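Reproduced below: structure_23.tsv, with TSV, C-alpha atoms and all ligand atoms.
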chain	number	residue	atom	x	y	z
A	1	MET	CA	-159.97	108.30	132.68
A	2	SER	CA	-158.93	106.62	129.49
A	3	SER	CA	-155.65	104.93	128.70
A	4	SER	CA	-153.80	103.29	125.88
A	5	ALA	CA	-155.45	100.02	124.82
A	6	ARG	CA	-151.93	98.74	124.11
A	7	THR	CA	-151.38	97.95	127.79
A	8	ARG	CA	-154.25	95.48	127.66
A	9	ARG	CA	-154.02	92.52	125.32
A	10	PRO	CA	-157.04	92.72	123.01
A	11	LEU	CA	-159.48	89.83	122.92
A	12	ALA	CA	-161.38	88.74	119.82
A	13	ALA	CA	-164.24	86.45	120.82
A	14	GLY	CA	-166.39	84.74	118.21
A	15	ASN	CA	-169.98	84.10	119.30
A	16	TRP	CA	-171.32	81.45	116.96
A	17	LYS	CA	-174.80	81.68	118.50
A	18	MET	CA	-177.17	78.90	117.32
A	19	HIS	CA	-175.06	77.97	114.30
A	20	LYS	CA	-172.88	75.03	113.29
A	21	THR	CA	-173.29	71.28	113.36
A	22	LEU	CA	-170.50	69.23	114.89
A	23	ALA	CA	-168.77	68.79	111.55
A	24	GLU	CA	-169.12	72.47	110.69
A	25	ALA	CA	-167.86	73.55	114.10
A	26	GLN	CA	-164.86	71.28	113.85
A	27	ALA	CA	-164.00	72.55	110.39
A	28	LEU	CA	-164.34	76.20	111.40
A	29	ALA	CA	-162.24	75.76	114.52
A	30	ARG	CA	-159.58	73.99	112.48
A	31	GLU	CA	-159.49	76.73	109.86
A	32	ILE	CA	-159.29	79.47	112.50
A	33	MET	CA	-156.53	77.64	114.32
A	34	ALA	CA	-154.52	77.24	111.15
A	35	GLY	CA	-154.84	80.93	110.38
A	36	CYS	CA	-154.14	82.55	113.70
A	37	ARG	CA	-150.61	81.92	114.78
A	38	ASP	CA	-148.65	84.77	116.41
A	39	MET	CA	-151.64	87.05	116.65
A	40	ALA	CA	-151.43	90.10	118.86
A	41	ALA	CA	-154.97	89.48	120.10
A	42	GLU	CA	-156.12	86.66	122.32
A	43	VAL	CA	-158.74	84.55	120.53
A	44	ALA	CA	-161.80	82.85	122.03
A	45	LEU	CA	-164.44	80.75	120.30
A	46	ALA	CA	-167.97	80.38	121.67
A	47	PRO	CA	-169.69	77.54	119.81
A	48	PRO	CA	-173.13	76.24	120.85
A	49	PHE	CA	-173.11	73.90	123.87
A	50	THR	CA	-173.35	70.83	121.64
A	51	ALA	CA	-170.08	71.69	119.90
A	52	LEU	CA	-168.03	72.74	122.94
A	53	SER	CA	-166.44	69.34	123.30
A	54	ILE	CA	-165.43	68.92	119.68
A	55	VAL	CA	-164.05	72.46	119.48
A	56	ALA	CA	-162.16	71.87	122.74
A	57	GLN	CA	-160.50	68.85	121.18
A	58	GLU	CA	-159.70	70.76	118.02
A	59	ILE	CA	-158.03	73.73	119.76
A	60	SER	CA	-156.36	71.66	122.45
A	61	GLY	CA	-152.70	72.65	122.87
A	62	SER	CA	-153.19	75.96	121.06
A	63	ALA	CA	-153.53	79.45	122.52
A	64	ILE	CA	-157.16	79.68	121.41
A	65	ARG	CA	-159.61	79.76	124.32
A	66	LEU	CA	-162.99	78.10	124.57
A	67	ALA	CA	-166.04	80.10	125.64
A	68	ALA	CA	-169.66	79.17	126.34
A	69	GLN	CA	-172.60	81.36	125.37
A	70	ASP	CA	-174.47	81.12	128.67
A	71	VAL	CA	-174.46	79.32	132.01
A	72	PHE	CA	-176.83	78.59	134.89
A	73	TRP	CA	-175.94	79.66	138.42
A	74	GLU	CA	-176.45	76.35	140.24
A	75	ASN	CA	-173.69	73.81	140.08
A	76	GLN	CA	-175.92	70.73	139.80
A	77	GLY	CA	-179.45	69.53	140.43
A	78	ALA	CA	-182.90	69.21	138.91
A	79	TYR	CA	-182.67	72.07	136.40
A	80	THR	CA	-183.74	70.51	133.12
A	81	GLY	CA	-181.95	71.97	130.15
A	82	ALA	CA	-179.45	73.99	132.17
A	83	ILE	CA	-175.65	73.84	132.03
A	84	SER	CA	-173.61	74.50	135.15
A	85	PRO	CA	-170.36	76.44	135.61
A	86	GLY	CA	-168.63	73.22	136.63
A	87	MET	CA	-169.74	71.51	133.42
A	88	LEU	CA	-168.26	74.36	131.37
A	89	LEU	CA	-165.01	74.13	133.23
A	90	ASP	CA	-165.00	70.36	132.74
A	91	VAL	CA	-165.38	70.69	128.96
A	92	GLY	CA	-162.48	73.12	128.81
A	93	CYS	CA	-164.03	76.59	128.85
A	94	ARG	CA	-161.99	79.56	129.98
A	95	TYR	CA	-164.71	82.14	129.29
A	96	VAL	CA	-168.49	82.31	129.44
A	97	ILE	CA	-170.65	84.99	127.84
A	98	ILE	CA	-173.23	86.27	130.33
A	99	GLY	CA	-176.11	88.69	129.75
A	100	HIS	CA	-176.03	88.78	125.97
A	101	SER	CA	-178.89	90.95	124.72
A	102	GLU	CA	-180.42	87.97	122.92
A	103	ARG	CA	-180.60	86.15	126.27
A	104	ARG	CA	-182.16	89.26	127.77
A	105	GLN	CA	-184.63	89.64	124.88
A	106	TYR	CA	-185.70	86.04	124.25
A	107	PHE	CA	-184.97	84.17	127.49
A	108	GLY	CA	-185.88	86.55	130.28
A	109	GLU	CA	-182.34	87.35	131.40
A	110	THR	CA	-182.26	90.23	133.87
A	111	ASP	CA	-179.52	92.11	135.68
A	112	GLU	CA	-180.33	89.98	138.75
A	113	THR	CA	-179.84	86.67	136.90
A	114	VAL	CA	-176.72	88.11	135.26
A	115	ASN	CA	-175.37	88.85	138.74
A	116	LYS	CA	-176.03	85.29	139.95
A	117	LYS	CA	-174.43	83.81	136.87
A	118	ILE	CA	-171.33	86.00	137.16
A	119	LYS	CA	-170.83	84.96	140.79
A	120	ALA	CA	-171.32	81.29	139.99
A	121	ALA	CA	-168.92	81.43	137.04
A	122	LEU	CA	-166.25	83.25	139.04
A	123	GLY	CA	-166.75	80.70	141.81
A	124	VAL	CA	-165.36	77.91	139.63
A	125	GLY	CA	-162.68	80.03	137.98
A	126	LEU	CA	-164.41	80.87	134.69
A	127	ALA	CA	-163.92	84.37	133.30
A	128	PRO	CA	-167.31	85.94	132.49
A	129	ILE	CA	-167.66	88.10	129.38
A	130	VAL	CA	-170.47	90.33	130.62
A	131	CYS	CA	-172.60	92.02	127.95
A	132	ILE	CA	-174.29	95.37	128.45
A	133	GLY	CA	-175.83	97.84	126.05
A	134	GLU	CA	-178.79	100.05	125.28
A	135	THR	CA	-181.64	99.64	122.80
A	136	LEU	CA	-182.23	102.12	120.00
A	137	ALA	CA	-185.18	103.66	121.87
A	138	GLN	CA	-183.01	104.15	124.94
A	139	ARG	CA	-180.25	105.78	122.88
A	140	GLU	CA	-182.71	108.06	121.15
A	141	ALA	CA	-184.14	109.05	124.53
A	142	GLN	CA	-180.58	109.98	125.68
A	143	GLU	CA	-180.77	107.16	128.21
A	144	THR	CA	-177.63	105.28	127.15
A	145	LEU	CA	-175.39	106.12	130.09
A	146	ASN	CA	-178.20	105.61	132.63
A	147	VAL	CA	-178.94	102.18	131.17
A	148	ILE	CA	-175.27	101.26	131.27
A	149	THR	CA	-174.96	102.45	134.87
A	150	THR	CA	-177.94	100.35	135.95
A	151	GLN	CA	-176.71	97.26	134.13
A	152	LEU	CA	-173.27	97.64	135.72
A	153	ALA	CA	-174.53	98.46	139.22
A	154	GLN	CA	-177.04	95.59	139.31
A	155	GLY	CA	-175.15	93.07	137.21
A	156	LEU	CA	-171.91	93.49	139.17
A	157	ALA	CA	-173.55	94.07	142.57
A	158	GLY	CA	-171.61	92.64	145.48
A	159	LEU	CA	-168.44	91.82	143.55
A	160	LEU	CA	-165.15	92.55	145.23
A	161	PRO	CA	-162.55	94.50	143.23
A	162	GLU	CA	-160.51	91.30	142.84
A	163	GLU	CA	-163.57	89.56	141.38
A	164	MET	CA	-164.22	92.47	139.03
A	165	SER	CA	-160.64	92.21	137.81
A	166	ARG	CA	-161.43	88.73	136.47
A	167	LEU	CA	-164.24	89.96	134.21
A	168	VAL	CA	-164.28	91.00	130.60
A	169	LEU	CA	-167.00	93.52	129.76
A	170	ALA	CA	-168.59	93.80	126.33
A	171	TYR	CA	-170.39	96.96	125.32
A	172	GLU	CA	-172.92	95.83	122.75
A	173	PRO	CA	-175.49	98.41	121.71
A	174	VAL	CA	-178.57	96.33	120.93
A	175	TRP	CA	-179.29	98.40	117.82
A	176	ALA	CA	-175.93	97.37	116.37
A	177	ILE	CA	-176.16	93.61	116.93
A	178	GLY	CA	-176.78	91.69	113.73
A	179	THR	CA	-178.10	94.81	112.01
A	180	GLY	CA	-175.09	95.87	109.97
A	181	ARG	CA	-175.29	99.20	111.79
A	182	THR	CA	-172.09	99.66	113.79
A	183	ALA	CA	-171.52	102.26	116.47
A	184	THR	CA	-168.98	104.80	115.27
A	185	PRO	CA	-165.64	104.60	117.08
A	186	GLU	CA	-166.58	107.89	118.76
A	187	GLN	CA	-169.94	106.56	119.98
A	188	ALA	CA	-168.35	103.36	121.25
A	189	GLN	CA	-165.36	105.12	122.83
A	190	GLU	CA	-167.67	107.48	124.73
A	191	VAL	CA	-169.43	104.54	126.38
A	192	HIS	CA	-166.23	102.53	126.92
A	193	ARG	CA	-164.61	105.51	128.63
A	194	PHE	CA	-167.72	105.93	130.79
A	195	ILE	CA	-167.59	102.24	131.77
A	196	ARG	CA	-163.92	102.51	132.70
A	197	GLN	CA	-164.64	105.59	134.77
A	198	TRP	CA	-167.44	103.73	136.57
A	199	LEU	CA	-165.04	100.86	137.26
A	200	THR	CA	-162.43	103.29	138.58
A	201	GLU	CA	-164.94	104.64	141.06
A	202	GLN	CA	-166.19	101.22	142.13
A	203	ALA	CA	-163.06	99.09	142.08
A	204	GLY	CA	-160.11	101.47	141.84
A	205	PRO	CA	-157.83	102.54	139.01
A	206	GLU	CA	-155.78	99.36	138.92
A	207	VAL	CA	-158.79	97.14	138.25
A	208	ALA	CA	-160.27	99.65	135.83
A	209	GLN	CA	-157.09	99.99	133.82
A	210	GLY	CA	-156.47	96.26	133.66
A	211	LEU	CA	-159.95	95.15	132.65
A	212	ARG	CA	-160.75	94.60	128.99
A	213	ILE	CA	-163.84	96.21	127.52
A	214	LEU	CA	-164.82	94.69	124.17
A	215	TYR	CA	-167.05	96.31	121.59
A	216	GLY	CA	-169.76	94.20	119.93
A	217	GLY	CA	-172.27	95.03	117.22
A	218	SER	CA	-171.76	94.37	113.51
A	219	VAL	CA	-167.97	94.25	113.75
A	220	THR	CA	-166.45	93.37	110.38
A	221	PRO	CA	-162.99	93.26	108.80
A	222	ASP	CA	-163.76	96.72	107.42
A	223	ASN	CA	-164.48	98.50	110.69
A	224	ILE	CA	-162.33	96.66	113.24
A	225	ARG	CA	-159.21	98.73	112.64
A	226	GLU	CA	-160.83	102.05	113.45
A	227	LEU	CA	-162.75	100.63	116.39
A	228	SER	CA	-159.71	98.97	117.92
A	229	GLN	CA	-157.70	102.18	117.72
A	230	ALA	CA	-160.03	103.85	120.20
A	231	PRO	CA	-158.14	104.01	123.51
A	232	ASP	CA	-160.72	102.19	125.64
A	233	ILE	CA	-161.76	99.50	123.13
A	234	ASP	CA	-159.85	96.32	123.89
A	235	GLY	CA	-161.09	93.98	121.20
A	236	ALA	CA	-164.40	92.69	119.94
A	237	LEU	CA	-167.23	90.28	120.57
A	238	VAL	CA	-168.15	89.15	117.08
A	239	GLY	CA	-171.32	87.44	115.91
A	240	GLY	CA	-172.01	87.14	112.19
A	241	ALA	CA	-168.46	87.80	111.03
A	242	SER	CA	-167.12	85.01	113.27
A	243	LEU	CA	-168.95	82.32	111.32
A	244	LYS	CA	-166.42	82.34	108.49
A	245	ALA	CA	-162.73	81.86	109.17
A	246	ALA	CA	-161.60	84.45	106.62
A	247	SER	CA	-163.57	87.32	108.10
A	248	PHE	CA	-162.92	86.32	111.71
A	249	LEU	CA	-159.18	86.05	111.11
A	250	LYS	CA	-159.07	89.57	109.70
A	251	ILE	CA	-160.84	90.77	112.84
A	252	VAL	CA	-158.40	88.83	115.04
A	253	ALA	CA	-155.60	90.69	113.26
A	254	MET	CA	-157.43	93.91	114.27
A	255	GLY	CA	-157.27	95.12	110.69
A	256	GLU	CA	-153.46	95.22	110.63
A	301	LIG	C1	-173.04	89.47	119.15
A	301	LIG	O1	-173.85	88.58	119.01
A	301	LIG	O2	-172.48	89.60	120.25
A	301	LIG	C2	-172.78	90.36	118.03
A	301	LIG	C3	-172.06	91.41	118.26
A	301	LIG	O3	-173.31	90.01	116.82
A	301	LIG	P1	-172.97	90.70	115.39
A	301	LIG	O4	-171.47	90.79	115.31
A	301	LIG	O5	-173.54	89.77	114.38
A	301	LIG	O6	-173.61	92.04	115.38
Please rewrite the model in this file as structure tokens.
Ligand code: PEP
Amino acid sequence: MSSSARTRRPLAAGNWKMHKTLAEAQALAREIMAGCRDMAAEVALAPPFTALSIVAQEISGSAIRLAAQDVFWENQGAYTGAISPGMLLDVGCRYVIIGHSERRQYFGETDETVNKKIKAALGVGLAPIVCIGETLAQREAQETLNVITTQLAQGLAGLLPEEMSRLVLAYEPVWAIGTGRTATPEQAQEVHRFIRQWLTEQAGPEVAQGLRILYGGSVTPDNIRELSQAPDIDGALVGGASLKAASFLKIVAMGE
């Protein structure tokens, strides 16, 4: 079942990945803040851990939300190099990206660790932005919807409908991330509709209709309008184009 995206406020989340010094992060946050008053979309910025604090200060008092790019599932202890959900809350995060394909590819993230992280994040009141998506080989083998089903079933295992309602999902085909090759609105909509149908079956129509499903993968000012007009696409998770205020602000405006 699909529905009008207009009932869900779109979210534009900028994933800065491993970019930006403190000074650069501060300047970018300032420029974005200056340019995004009265936007229809909610805006979230995900700087690297080192810049969370300075970006938090910069956007304080505004409607822009802070997001982290990853989290560990324990709340404290001898876990060298890890950052806990409580620490993210403490620095001012509202959102945390979990299960990004780069975490899966380079850092051994699995659906099981995604599941633990989601539960830990929800436990302190953070809203997870959960990333799922197929590789090119999986798409070419017609495996896309099976892969998505497995990622959803394992990644969201054991969540109550109320907990699911606090998630944001991001469909990010791996072949479209950082490649300049975007899914067509039809390709993306097909998967988004499938995800919403899965949610309807698992958590009921109310949760499914309320939950935002972002698209991610080479989103630019040139393709956001068409993508965001698809009925089940509720905004974007943006990598490369979020590193410059001008391009990110056009995406935040959803091409209007
Ligand atoms: C991402 O990292 O989530 C992403 C979608 O990157 P890009 O926009 O650069 O493809």
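Excluding Ile251 in chain A and any residue on its chain fewer than 2 positions from it, the residues at most 10 Å away by only C-alpha atoms are Ala12, Ala13, Gly14, Ala41, Val219, Thr220, Pro221, Asp222, Asn223, Ile224, Arg225, Ser228, Gly235, Ala236, Val238, Ala241, Ser242, Ala245, Ala246, Ser247, Phe248, Leu249, Ala253, Met254, Gly255 and Glu256 of chain A.
Atom pair CA of Gly155 in chain A / CA of Ala63 in chain A: separated by 29.5 Å.
With distances restricted to all atoms listed in the file, A:Pro47 is the closest residue to ligand LIG 301 (chain A) from A:Gly61, A:Gly158, A:Pro85, A:Pro47.
Among the candidate residues A:Leu211, A:Met87, A:Val114, A:Cys131, the one lying nearest to ligand LIG 301 (chain A) is A:Cys131, with distances computed using all atoms listed in the file.
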All residues having an atom within 10 Å of ligand LIG 301 (chain A) (only C-alpha atoms and all ligand atoms) as an mmCIF file with C-alpha atoms, in the coordinates of the input:
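That gives us pocket_18.cif:
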data_model
loop_
_atom_site.group_PDB
_atom_site.id
_atom_site.type_symbol
_atom_site.label_atom_id
_atom_site.label_comp_id
_atom_site.auth_asym_id
_atom_site.auth_seq_id
_atom_site.Cartn_x
_atom_site.Cartn_y
_atom_site.Cartn_z
ATOM 1 C CA ALA A 13 -164.240 86.450 120.820
ATOM 2 C CA GLY A 14 -166.390 84.740 118.210
ATOM 3 C CA ASN A 15 -169.980 84.100 119.300
ATOM 4 C CA TRP A 16 -171.320 81.450 116.960
ATOM 5 C CA LYS A 17 -174.800 81.680 118.500
ATOM 6 C CA GLN A 69 -172.600 81.360 125.370
ATOM 7 C CA ILE A 97 -170.650 84.990 127.840
ATOM 8 C CA HIS A 100 -176.030 88.780 125.970
ATOM 9 C CA SER A 101 -178.890 90.950 124.720
ATOM 10 C CA GLU A 102 -180.420 87.970 122.920
ATOM 11 C CA CYS A 131 -172.600 92.020 127.950
ATOM 12 C CA ALA A 170 -168.590 93.800 126.330
ATOM 13 C CA TYR A 171 -170.390 96.960 125.320
ATOM 14 C CA GLU A 172 -172.920 95.830 122.750
ATOM 15 C CA PRO A 173 -175.490 98.410 121.710
ATOM 16 C CA VAL A 174 -178.570 96.330 120.930
ATOM 17 C CA TRP A 175 -179.290 98.400 117.820
ATOM 18 C CA ALA A 176 -175.930 97.370 116.370
ATOM 19 C CA ILE A 177 -176.160 93.610 116.930
ATOM 20 C CA GLY A 178 -176.780 91.690 113.730
ATOM 21 C CA THR A 179 -178.100 94.810 112.010
ATOM 22 C CA GLY A 180 -175.090 95.870 109.970
ATOM 23 C CA ARG A 181 -175.290 99.200 111.790
ATOM 24 C CA THR A 182 -172.090 99.660 113.790
ATOM 25 C CA LEU A 214 -164.820 94.690 124.170
ATOM 26 C CA TYR A 215 -167.050 96.310 121.590
ATOM 27 C CA GLY A 216 -169.760 94.200 119.930
ATOM 28 C CA GLY A 217 -172.270 95.030 117.220
ATOM 29 C CA SER A 218 -171.760 94.370 113.510
ATOM 30 C CA VAL A 219 -167.970 94.250 113.750
ATOM 31 C CA THR A 220 -166.450 93.370 110.380
ATOM 32 C CA ALA A 236 -164.400 92.690 119.940
ATOM 33 C CA LEU A 237 -167.230 90.280 120.570
ATOM 34 C CA VAL A 238 -168.150 89.150 117.080
ATOM 35 C CA GLY A 239 -171.320 87.440 115.910
ATOM 36 C CA GLY A 240 -172.010 87.140 112.190
ATOM 37 C CA ALA A 241 -168.460 87.800 111.030
ATOM 38 C CA SER A 242 -167.120 85.010 113.270
ATOM 39 C CA LEU A 243 -168.950 82.320 111.320
#
One residue among A:Gln26, A:Val168, A:Leu159, A:Asp111 is nearest to Arg94 in chain A when using only C-alpha atoms, and that residue is A:Val168
Which neighbours of range 118-122 of chain A fall inside 10 Å, counting all atoms listed in the file, when residues of the same chain fewer than 2 positions from it are skipped, and could you give them as a PyMOL selection string? chain A and resi 71-75+84-86+88-89+95-99+112-116+124-130+155-159+163-164+166-167
Can you tell me, as a ChimeraX atom specification, what residues are no more than 8 Å from range 187-194 of chain A when counting all atoms listed in the file, ignoring any on the same chain fewer than 6 positions away? /A:1-2,145,171,213,215,227,230-233
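The residue that comes closest to Thr50 in chain A, out of A:Ala34, A:Ala78, A:Lys20, A:Ala27 and on the basis of only C-alpha atoms, is A:Lys20.
Shortest atom-to-atom contact with Gly35 in chain A among A:Ile64, A:Glu201, A:Glu162, A:Gln57: A:Ile64, counting only C-alpha atoms.
Between CA of Ala51 in chain A and CA of Thr80 in chain A the interatomic distance comes to 19.0 Å.
Within 7 Å of the point (-154.7, 90.4, 123.3) in file coordinates, and counting only C-alpha atoms, lie the residues A:Arg8, A:Arg9, A:Pro10, A:Leu11, A:Ala40, A:Ala41, A:Glu42.
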Quick check, in Å to one decimal: how far apart do CA of Lys117 in chain A and CA of Ile59 in chain A lie? 25.8 Å
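The point (-179.2, 108.1, 123.8) has these residues within 12 Å of it, counting only C-alpha atoms: Gly133, Glu134, Thr135, Leu136, Ala137, Gln138, Arg139, Glu140, Ala141, Gln142, Glu143, Thr144, Leu145, Asn146, Val147, Ile148, Pro173, Trp175, Gln187, Glu190 and Val191 of chain A.
Nearest to Ala46 in chain A of all the residues A:Val252, A:Ala29, A:Ala82, A:Thr21 is A:Ala29, based on all atoms listed in the file.
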